[in-house]
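The structure under discussion appears below in the form of structure tokens.
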Amino acid sequence: MRLSRLARGILGAVTGVILLVIYLPLMVVLVNSFSTSTSLVWPPPGLTLEWWGRAFQSEGALEAVLTSVQIALIATLVSLVLGTLISLALQRFAFFGREAVSLLVILPIALPGIITGIALNNAFRTILGVQLSIATVIVAHATFCIVTVFNNVIARLRRLGTSYEEASADLGAGLWTTFRLVTFPQLRSALLAGGLLAFALSFDEIIVTTFTAGAGVKTLPIWILDNLFRPSQAPIVNVIAVVLVLVSIVPIYIAQRIAGAEKVSR
Amino acid sequence: MTVDTASPGQRIPVPPHRDTLARRGSISLSRHPRLRLTLMLSAPLLWLGLIYIVALAALLITALWTVDSFTGTITRSWTLDNIITVVTGSLYQTVTVRTVGVALLVTLIDILVALPIAFFMAKVASPRWQRILVIAVLMPLWASYLVKAYAWRSVLSQNGIFEWLVAPFGGETPGYGLPATVITLAYLWLPYVILPVYAGLERVPDSLLEASGDLGGKTWATLRLVVLPMIWPAIIAGSIFSFSLSLGDYITVNIVGGANQMLGNLVYTNVGAANNLPLAAAIALIPIVIIFGYLAVVRRTGALENL
Amino acid sequence: MTHLSARRARIRSSILTGLAIASVALLTACGTGGDGGTGGADSSEAPTELGENESTVSILAWPGYVEDGSNDPSVDWVSAFEEETGCMVTSKTYGTSDEAFNLMKTGEYDVVAASGDASLRLVAAGDVAPVNTDLIPNYEGIYDFLKMQDWNSVDGVAYGIPHGYGANLLMYNTDAVTPAPTSWDVVFDESAQYTGKVTAYDSPIYIADAAMYLMTHQPDLGIENPYSLDETQLAAAVDLLKAQRENIGEYWSDYLKSIQAFETGDTVVGTTWQVIRNSLAEGTPAEVVLPEEGVTGWSDTWMVASEAQSPNCAYAWLNYIASPEANAQATEYFGEAPSNQGACDFTVNPDQCEIFHAGDEEYASQIWYWSTPIEDCLDGRTDVKCTDYSDWTTAWQEIKG
């Protein structure tokens, strides 16, 4: 199959249109962050830099970002470990109940957030009797983040096969050594991709968070929810969103560089 | 590049053997694959089993209890009342049909949009552009869900951008309602569908496409007979995201859905305003059954094992 | 989305409150664990004198009630309190009255700002103590018509200090709705002419608005109190709301949504709060009116935990937040009428009190304060059982369909 110039052109145009639609609402957010209207009405009646100034003085927003980063980082780490273990087990072994395990991994993301949320809320409070806190959010997030790591890692493992590992073992390397020097480097970009998606998923999660966060735990989405209801705070929320989008380029770019580099060497 | 240490010809330093406890453990582990498997699976299974499955089971059991309406405490006497209410109530049927309809439409739209852009990214764009496009697709994920939903509220309002764009062609904004809900949800979950489809397409070797071409396969035939079967599992993986995220959503429909409610709203109201966890749990059974049905269908196509 | 809606569910008690409280105390006592409802309402006594201030006080409140400048540096009435009393404030906000009720059981909080539906439950469970209003000098400045009401006192014992109150008014677009409406019929019987552009408050408690409308328009139903409906009366209100549903553009529960919809013209008529009207962009053709049938509304209460670790700081906070200055700041920020008569001299907007009709007793008398409906009819009927809040929730979901 060779795509004609025309086909390539059409595909490119369609891609362009899709990207335009993807960025249209983000442009609205950007413009509204300068709007004089506190209710984000369109078109903006006037422009101002006030919200940008106020956003950077907002301790609440900064704390919320830090809380969210902290939760997302730990949840991602946990899901990286658990997701890798499961993928290795499922890919390298055939055993009874293998399908059930893969279903179990998918379930927390496949079932709607509100169900995961109320189930965990109920379990934490009435079964385990623990106070909702930042830890309960982390546990909840890690649970549904495992799947993104699992998806990426198992796809990579399937492609890799086991020959390098066997060679390593034949040369006398132990299991840990083999994992550290042979398996892990080959998984690195898959882990990065899975981890990045897990981080994003956790960072923006609101439904499960609502049900598992202690009253004092304010993640960024919860802070945003609160502030959309405070008089004249809505434009500040837009500023935060714009900043986040801009800041997010860095980790995505780094991940891309690493993944891209590996592809070149293959 | 040195990142990929698996490149043939590169030397991997193997530390000298020492007869340590760790080494002996390693040897015995490599001789007992079952033990290795058990060790590997125990942590994740304990986590998922103890935390998630127990929580889910407890929730389902709660559906069989009732709640005292003034004190808000749960009375632990067994009854099927909640489940009967949910199964027979016309409200729940209407809302279920509406919710599933929205989720299916969102999924369909997302797949249709994801296919061309993912194909362009994976097979047409240069490596440099590929990288830029992935960033472009991923970036909106970081602008908070709520902010994006409110942005769509603004876009779709009476004198919003949408109206302004389509008015010259005689169109008008759909206003707030189910169409707006479908559009907004499809927008929110799009990156989660594009990414797996893109990854799936990347795994299709270019040589295969060329072979198909050399054998006389027309473009469409190649796409349908070679590419589609190969990326089918990736599409399914994406659809699980968009379908289930839509199925449980209650915030977007509140913001742009006009007067409509979805299953998530019913669950949320019963937990929050009414403090009736047993009824909420009974309603939650509906999406659970739907998702299990969906996964079962998907499994039959063999897509799940390749997820 | 509904954390502001849940706050609107309040208990308006009646002569039967005593009975209801007694049965609640009994129920919580034999409840299924985790409740900790050890004492009844009379187990704790109000203090007769205060001691030295402790060093901290922990406050549980609705968002926007305890602002320390961390969200907006210019919105801060906590720092002044800390300087004045030496009590360092830690505050938590909650989303629903149920959440507040559960959080108070942890014993971590000294003070809570409770809505009507939480306040009586807290009293019944023994989580809050009677308040000796003699120890709160600023109590004197509170409007008399807010004192010792059904939702902040039990059997003549005060359980807290009134904070702020407000009404659910009718807002209309002056271009689209002419002549200016004087009745709620524009959102009920006459709503068809504005189809797709009518809004209503998204909460089961909104059923009371329909019931209040029926009190005037279908007197033979015999509704005496919109929070006390028997099955026939509820069915009539539900029918009215189902007919209204046909013409609803969207329901609202957060003010941003309502403000936007009125500014863009997506909504032209419906229930609102005064603060929403005030937040509309200049030039928006919209007005509010208190229709002839009356209105529903809310009133909140500051309460002290029965196991408060810092009771003296707790009293200091109650006194501080009831002071004209702080009461003015907090209620103006939230957008409601202050409870202190002196507050009007301290609002940033000199017309604040006039806009919100603070202290206007005649205005206040037209408000049916939100209350949670319970089985024992609030209007005193004993021959029938009334529908309770869970019935209302079910009905509300069916109305929305």
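Ordered as shown in the structure tokens, chains take letters A, B, and onward, while each chain numbers its residues from 1 and ligands are numbered from 1 in the order shown.
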
**OP:** Name all residues at most 10 Å from Ile367 of chain C (count only C-alpha atoms; drop same-chain ones fewer than 5 positions away) and give them as a PyMOL selection string.
**Re:** chain C and resi 165-169+290+294-298+362

Subject >> Selection near Ala55 of chain B, 12 Å with only C-alpha atoms, sequence-local residues under 3 positions removed, as a list in words >> reply: Pro108, Ile115, Thr116, Gly117, Ile118, Ala119, Leu120, Asn121, Asn122, Ala123, Phe124, Arg125, Thr126, Ile127, Leu128, Ala140 and Thr143 of chain A; Trp47, Leu48, Gly49, Leu50, Ile51, Tyr52, Ala58, Leu59, Leu60, Ile61, Thr62 and Ala281 of chain B

For the selection you just gave me, I'd like the residues written to a file as a short mmCIF file (atom, residue, chain, number, x, y, z; two decimals), in the first residue's frame, keeping N, CA and C atoms.
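Saved file again-v4.cif follows:
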data_model
loop_
_atom_site.label_atom_id
_atom_site.label_comp_id
_atom_site.auth_asym_id
_atom_site.auth_seq_id
_atom_site.Cartn_x
_atom_site.Cartn_y
_atom_site.Cartn_z
N PRO A 108 -10.58 -1.54 37.53
CA PRO A 108 -10.69 -0.23 38.18
C PRO A 108 -10.85 0.94 37.20
N ILE A 115 -18.34 4.60 40.71
CA ILE A 115 -18.48 3.32 41.39
C ILE A 115 -17.21 3.02 42.18
N THR A 116 -16.05 3.18 41.51
CA THR A 116 -14.78 3.02 42.21
C THR A 116 -14.77 3.94 43.43
N GLY A 117 -15.21 5.16 43.23
CA GLY A 117 -15.21 6.15 44.30
C GLY A 117 -16.05 5.74 45.50
N ILE A 118 -17.31 5.41 45.27
CA ILE A 118 -18.15 5.10 46.43
C ILE A 118 -17.75 3.76 47.04
N ALA A 119 -17.27 2.83 46.21
CA ALA A 119 -16.85 1.54 46.76
C ALA A 119 -15.66 1.74 47.70
N LEU A 120 -14.67 2.51 47.26
CA LEU A 120 -13.49 2.73 48.10
C LEU A 120 -13.84 3.57 49.33
N ASN A 121 -14.67 4.57 49.13
CA ASN A 121 -15.10 5.40 50.25
C ASN A 121 -15.74 4.54 51.34
N ASN A 122 -16.65 3.68 50.89
CA ASN A 122 -17.35 2.79 51.81
C ASN A 122 -16.37 1.84 52.50
N ALA A 123 -15.43 1.30 51.72
CA ALA A 123 -14.48 0.33 52.27
C ALA A 123 -13.56 1.01 53.29
N PHE A 124 -13.04 2.17 52.94
CA PHE A 124 -12.12 2.85 53.84
C PHE A 124 -12.80 3.20 55.16
N ARG A 125 -14.00 3.75 55.05
CA ARG A 125 -14.63 4.27 56.26
C ARG A 125 -15.29 3.21 57.11
N THR A 126 -16.05 2.32 56.46
CA THR A 126 -16.81 1.39 57.29
C THR A 126 -16.12 0.05 57.50
N ILE A 127 -15.36 -0.44 56.49
CA ILE A 127 -14.72 -1.75 56.68
C ILE A 127 -13.39 -1.60 57.39
N LEU A 128 -12.53 -0.72 56.84
CA LEU A 128 -11.20 -0.57 57.44
C LEU A 128 -11.22 0.41 58.61
N ALA A 140 -6.25 4.97 46.14
CA ALA A 140 -7.30 4.91 45.12
C ALA A 140 -6.73 5.19 43.74
N THR A 143 -4.60 2.44 42.31
CA THR A 143 -5.40 1.29 41.89
C THR A 143 -5.83 1.42 40.43
N TRP B 47 -2.90 -6.10 46.53
CA TRP B 47 -3.37 -4.71 46.40
C TRP B 47 -4.75 -4.66 45.75
N LEU B 48 -4.82 -5.24 44.54
CA LEU B 48 -6.08 -5.15 43.80
C LEU B 48 -7.19 -5.95 44.49
N GLY B 49 -6.81 -7.13 44.97
CA GLY B 49 -7.83 -7.99 45.59
C GLY B 49 -8.33 -7.39 46.88
N LEU B 50 -7.38 -7.07 47.78
CA LEU B 50 -7.80 -6.58 49.09
C LEU B 50 -8.48 -5.24 49.00
N ILE B 51 -7.90 -4.35 48.22
CA ILE B 51 -8.47 -3.01 48.19
C ILE B 51 -9.68 -2.94 47.28
N TYR B 52 -9.50 -3.41 46.06
CA TYR B 52 -10.55 -3.14 45.09
C TYR B 52 -11.70 -4.14 45.13
N ALA B 58 -18.20 -5.35 48.93
CA ALA B 58 -18.90 -4.72 50.05
C ALA B 58 -19.98 -3.79 49.54
N LEU B 59 -19.68 -3.09 48.45
CA LEU B 59 -20.66 -2.16 47.89
C LEU B 59 -21.89 -2.93 47.40
N LEU B 60 -21.62 -4.07 46.73
CA LEU B 60 -22.73 -4.84 46.20
C LEU B 60 -23.58 -5.41 47.33
N ILE B 61 -22.93 -5.78 48.42
CA ILE B 61 -23.71 -6.28 49.55
C ILE B 61 -24.57 -5.16 50.13
N THR B 62 -23.99 -3.95 50.16
CA THR B 62 -24.74 -2.81 50.69
C THR B 62 -26.05 -2.61 49.93
N ALA B 281 -25.85 1.97 45.53
CA ALA B 281 -25.13 0.74 45.18
C ALA B 281 -25.96 -0.09 44.20
#

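In terms of minimum interatomic distance to Ser246 of chain B, A:Ala110 ranks closest within A:Leu228, A:Val243, A:Val14, A:Ala110, counting only C-alpha atoms.
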
Original post:
Which polymer residues have any atom within 7 Å of an atom of Ser58 of chain C, counting only C-alpha atoms, with same-chain residues fewer than 3 positions away left out, as a PyMOL selection string?
Top reply: chain C and resi 89-91+109-111

Same residues, C-alpha atoms, saved as a tab-separated table (two decimals), in the first residue's frame:
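Writing the result to out-v4.tsv gives the following:
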chain	number	residue	atom	x	y	z
C	89	VAL	CA	-7.21	28.86	63.12
C	90	THR	CA	-7.14	25.61	61.19
C	91	SER	CA	-10.17	25.24	59.01
C	109	TYR	CA	-13.31	20.21	65.37
C	110	ASP	CA	-14.18	22.83	67.94
C	111	VAL	CA	-16.60	24.87	65.87

Original post:
Counting only C-alpha atoms, what is within 9 Å of segment 164-179 of chain B, bar same-chain residues fewer than 5 positions away, as a PyMOL selection string?
Top reply: (chain B and resi 98+102+153+155-159+184+253+255-260) or (chain C and resi 249-250+266)

Output the selection as a PDB file, in the first residue's frame - N, CA, C and O atoms for each residue.
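File written: result-v4.pdb
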ATOM      1  N   ARG B  98     -30.499   6.331  28.003  1.00  0.00           N
ATOM      2  CA  ARG B  98     -29.883   7.605  27.639  1.00  0.00           C
ATOM      3  C   ARG B  98     -28.370   7.548  27.847  1.00  0.00           C
ATOM      4  O   ARG B  98     -27.585   7.917  26.963  1.00  0.00           O
ATOM      5  N   VAL B 102     -25.418   7.761  25.023  1.00  0.00           N
ATOM      6  CA  VAL B 102     -24.386   8.799  25.029  1.00  0.00           C
ATOM      7  C   VAL B 102     -23.001   8.158  24.993  1.00  0.00           C
ATOM      8  O   VAL B 102     -22.139   8.540  24.190  1.00  0.00           O
ATOM      9  N   ARG B 153     -18.879  24.866  27.547  1.00  0.00           N
ATOM     10  CA  ARG B 153     -20.117  25.557  27.878  1.00  0.00           C
ATOM     11  C   ARG B 153     -20.128  26.928  27.218  1.00  0.00           C
ATOM     12  O   ARG B 153     -21.129  27.362  26.663  1.00  0.00           O
ATOM     13  N   VAL B 155     -18.245  27.805  24.554  1.00  0.00           N
ATOM     14  CA  VAL B 155     -18.244  27.643  23.093  1.00  0.00           C
ATOM     15  C   VAL B 155     -19.653  27.394  22.567  1.00  0.00           C
ATOM     16  O   VAL B 155     -20.049  27.914  21.530  1.00  0.00           O
ATOM     17  N   LEU B 156     -20.427  26.600  23.295  1.00  0.00           N
ATOM     18  CA  LEU B 156     -21.743  26.187  22.796  1.00  0.00           C
ATOM     19  C   LEU B 156     -22.879  27.116  23.206  1.00  0.00           C
ATOM     20  O   LEU B 156     -24.033  26.873  22.872  1.00  0.00           O
ATOM     21  N   SER B 157     -22.562  28.197  23.937  1.00  0.00           N
ATOM     22  CA  SER B 157     -23.647  29.057  24.401  1.00  0.00           C
ATOM     23  C   SER B 157     -24.261  29.820  23.228  1.00  0.00           C
ATOM     24  O   SER B 157     -23.755  29.784  22.115  1.00  0.00           O
ATOM     25  N   GLN B 158     -25.346  30.527  23.517  1.00  0.00           N
ATOM     26  CA  GLN B 158     -26.138  31.154  22.452  1.00  0.00           C
ATOM     27  C   GLN B 158     -25.361  32.072  21.526  1.00  0.00           C
ATOM     28  O   GLN B 158     -25.555  32.059  20.328  1.00  0.00           O
ATOM     29  N   ASN B 159     -24.485  32.909  22.111  1.00  0.00           N
ATOM     30  CA  ASN B 159     -23.674  33.713  21.213  1.00  0.00           C
ATOM     31  C   ASN B 159     -22.203  33.338  21.354  1.00  0.00           C
ATOM     32  O   ASN B 159     -21.324  34.173  21.343  1.00  0.00           O
ATOM     33  N   THR B 184     -18.852  17.294  24.325  1.00  0.00           N
ATOM     34  CA  THR B 184     -17.884  17.585  25.378  1.00  0.00           C
ATOM     35  C   THR B 184     -17.186  16.320  25.867  1.00  0.00           C
ATOM     36  O   THR B 184     -15.970  16.294  26.048  1.00  0.00           O
ATOM     37  N   VAL B 253     -22.363  16.407  32.280  1.00  0.00           N
ATOM     38  CA  VAL B 253     -23.779  16.539  31.954  1.00  0.00           C
ATOM     39  C   VAL B 253     -24.408  17.640  32.805  1.00  0.00           C
ATOM     40  O   VAL B 253     -25.349  18.307  32.394  1.00  0.00           O
ATOM     41  N   ILE B 255     -22.829  20.374  33.568  1.00  0.00           N
ATOM     42  CA  ILE B 255     -22.348  21.655  33.059  1.00  0.00           C
ATOM     43  C   ILE B 255     -22.948  21.998  31.691  1.00  0.00           C
ATOM     44  O   ILE B 255     -23.368  23.123  31.461  1.00  0.00           O
ATOM     45  N   VAL B 256     -22.999  21.008  30.790  1.00  0.00           N
ATOM     46  CA  VAL B 256     -23.503  21.323  29.446  1.00  0.00           C
ATOM     47  C   VAL B 256     -24.751  20.530  29.067  1.00  0.00           C
ATOM     48  O   VAL B 256     -25.265  20.687  27.978  1.00  0.00           O
ATOM     49  N   GLY B 257     -25.229  19.672  29.963  1.00  0.00           N
ATOM     50  CA  GLY B 257     -26.295  18.739  29.591  1.00  0.00           C
ATOM     51  C   GLY B 257     -27.708  19.279  29.734  1.00  0.00           C
ATOM     52  O   GLY B 257     -28.665  18.522  29.624  1.00  0.00           O
ATOM     53  N   GLY B 258     -27.866  20.582  29.982  1.00  0.00           N
ATOM     54  CA  GLY B 258     -29.196  21.123  30.146  1.00  0.00           C
ATOM     55  C   GLY B 258     -29.899  20.475  31.323  1.00  0.00           C
ATOM     56  O   GLY B 258     -29.324  20.357  32.403  1.00  0.00           O
ATOM     57  N   ALA B 259     -31.118  20.011  31.109  1.00  0.00           N
ATOM     58  CA  ALA B 259     -31.887  19.448  32.211  1.00  0.00           C
ATOM     59  C   ALA B 259     -31.712  17.937  32.324  1.00  0.00           C
ATOM     60  O   ALA B 259     -32.373  17.303  33.136  1.00  0.00           O
ATOM     61  N   ASN B 260     -30.830  17.364  31.494  1.00  0.00           N
ATOM     62  CA  ASN B 260     -30.717  15.902  31.495  1.00  0.00           C
ATOM     63  C   ASN B 260     -29.910  15.368  32.664  1.00  0.00           C
ATOM     64  O   ASN B 260     -29.051  16.044  33.207  1.00  0.00           O
TER      65      ASN B 260
ATOM     66  N   GLY C 249     -34.705  24.807  30.528  1.00  0.00           N
ATOM     67  CA  GLY C 249     -33.505  24.754  29.704  1.00  0.00           C
ATOM     68  C   GLY C 249     -32.421  23.995  30.424  1.00  0.00           C
ATOM     69  O   GLY C 249     -31.835  23.054  29.926  1.00  0.00           O
ATOM     70  N   GLU C 250     -32.140  24.431  31.649  1.00  0.00           N
ATOM     71  CA  GLU C 250     -31.227  23.665  32.495  1.00  0.00           C
ATOM     72  C   GLU C 250     -31.525  23.981  33.947  1.00  0.00           C
ATOM     73  O   GLU C 250     -32.074  25.019  34.281  1.00  0.00           O
ATOM     74  N   ASP C 266     -29.128  32.289  27.482  1.00  0.00           N
ATOM     75  CA  ASP C 266     -29.568  30.901  27.401  1.00  0.00           C
ATOM     76  C   ASP C 266     -30.720  30.643  28.377  1.00  0.00           C
ATOM     77  O   ASP C 266     -31.481  29.711  28.214  1.00  0.00           O
TER      78      ASP C 266
END

**OP:** Give me the residues within 12 Å of Glu190 of chain C as an NGL selection string, counting only C-alpha atoms and dropping any in the same chain fewer than 3 places off.
**Re:** :C and (177 or 181 or 183-187 or 193-195 or 198 or 240 or 243-244 or 246-247 or 269)

**OP:** Within 8 Å of Tyr198 of chain B, counting only C-alpha atoms, which residues show up once you throw out same-chain ones fewer than 5 positions away? Write them as an MDAnalysis selection string, please.
**Re:** chainID B and resid 118:119 121:122

Original post:
Any idea what the distance is between atom CA of Gln261 of chain B and atom CA of Gly116 of chain C?
Top reply: 27.3 Å

Subject >> Counting only C-alpha atoms, chain A residues within 6 Å of chain C, as a PyMOL selection string >> reply: chain A and resi 39+58-60+216

**OP:** Tell me which of C:Lys147, C:His357, C:Arg245, C:His217 sits closest to chain B, counting only C-alpha atoms.
**Re:**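 Smallest separation from chain B among the options: C:Arg245.
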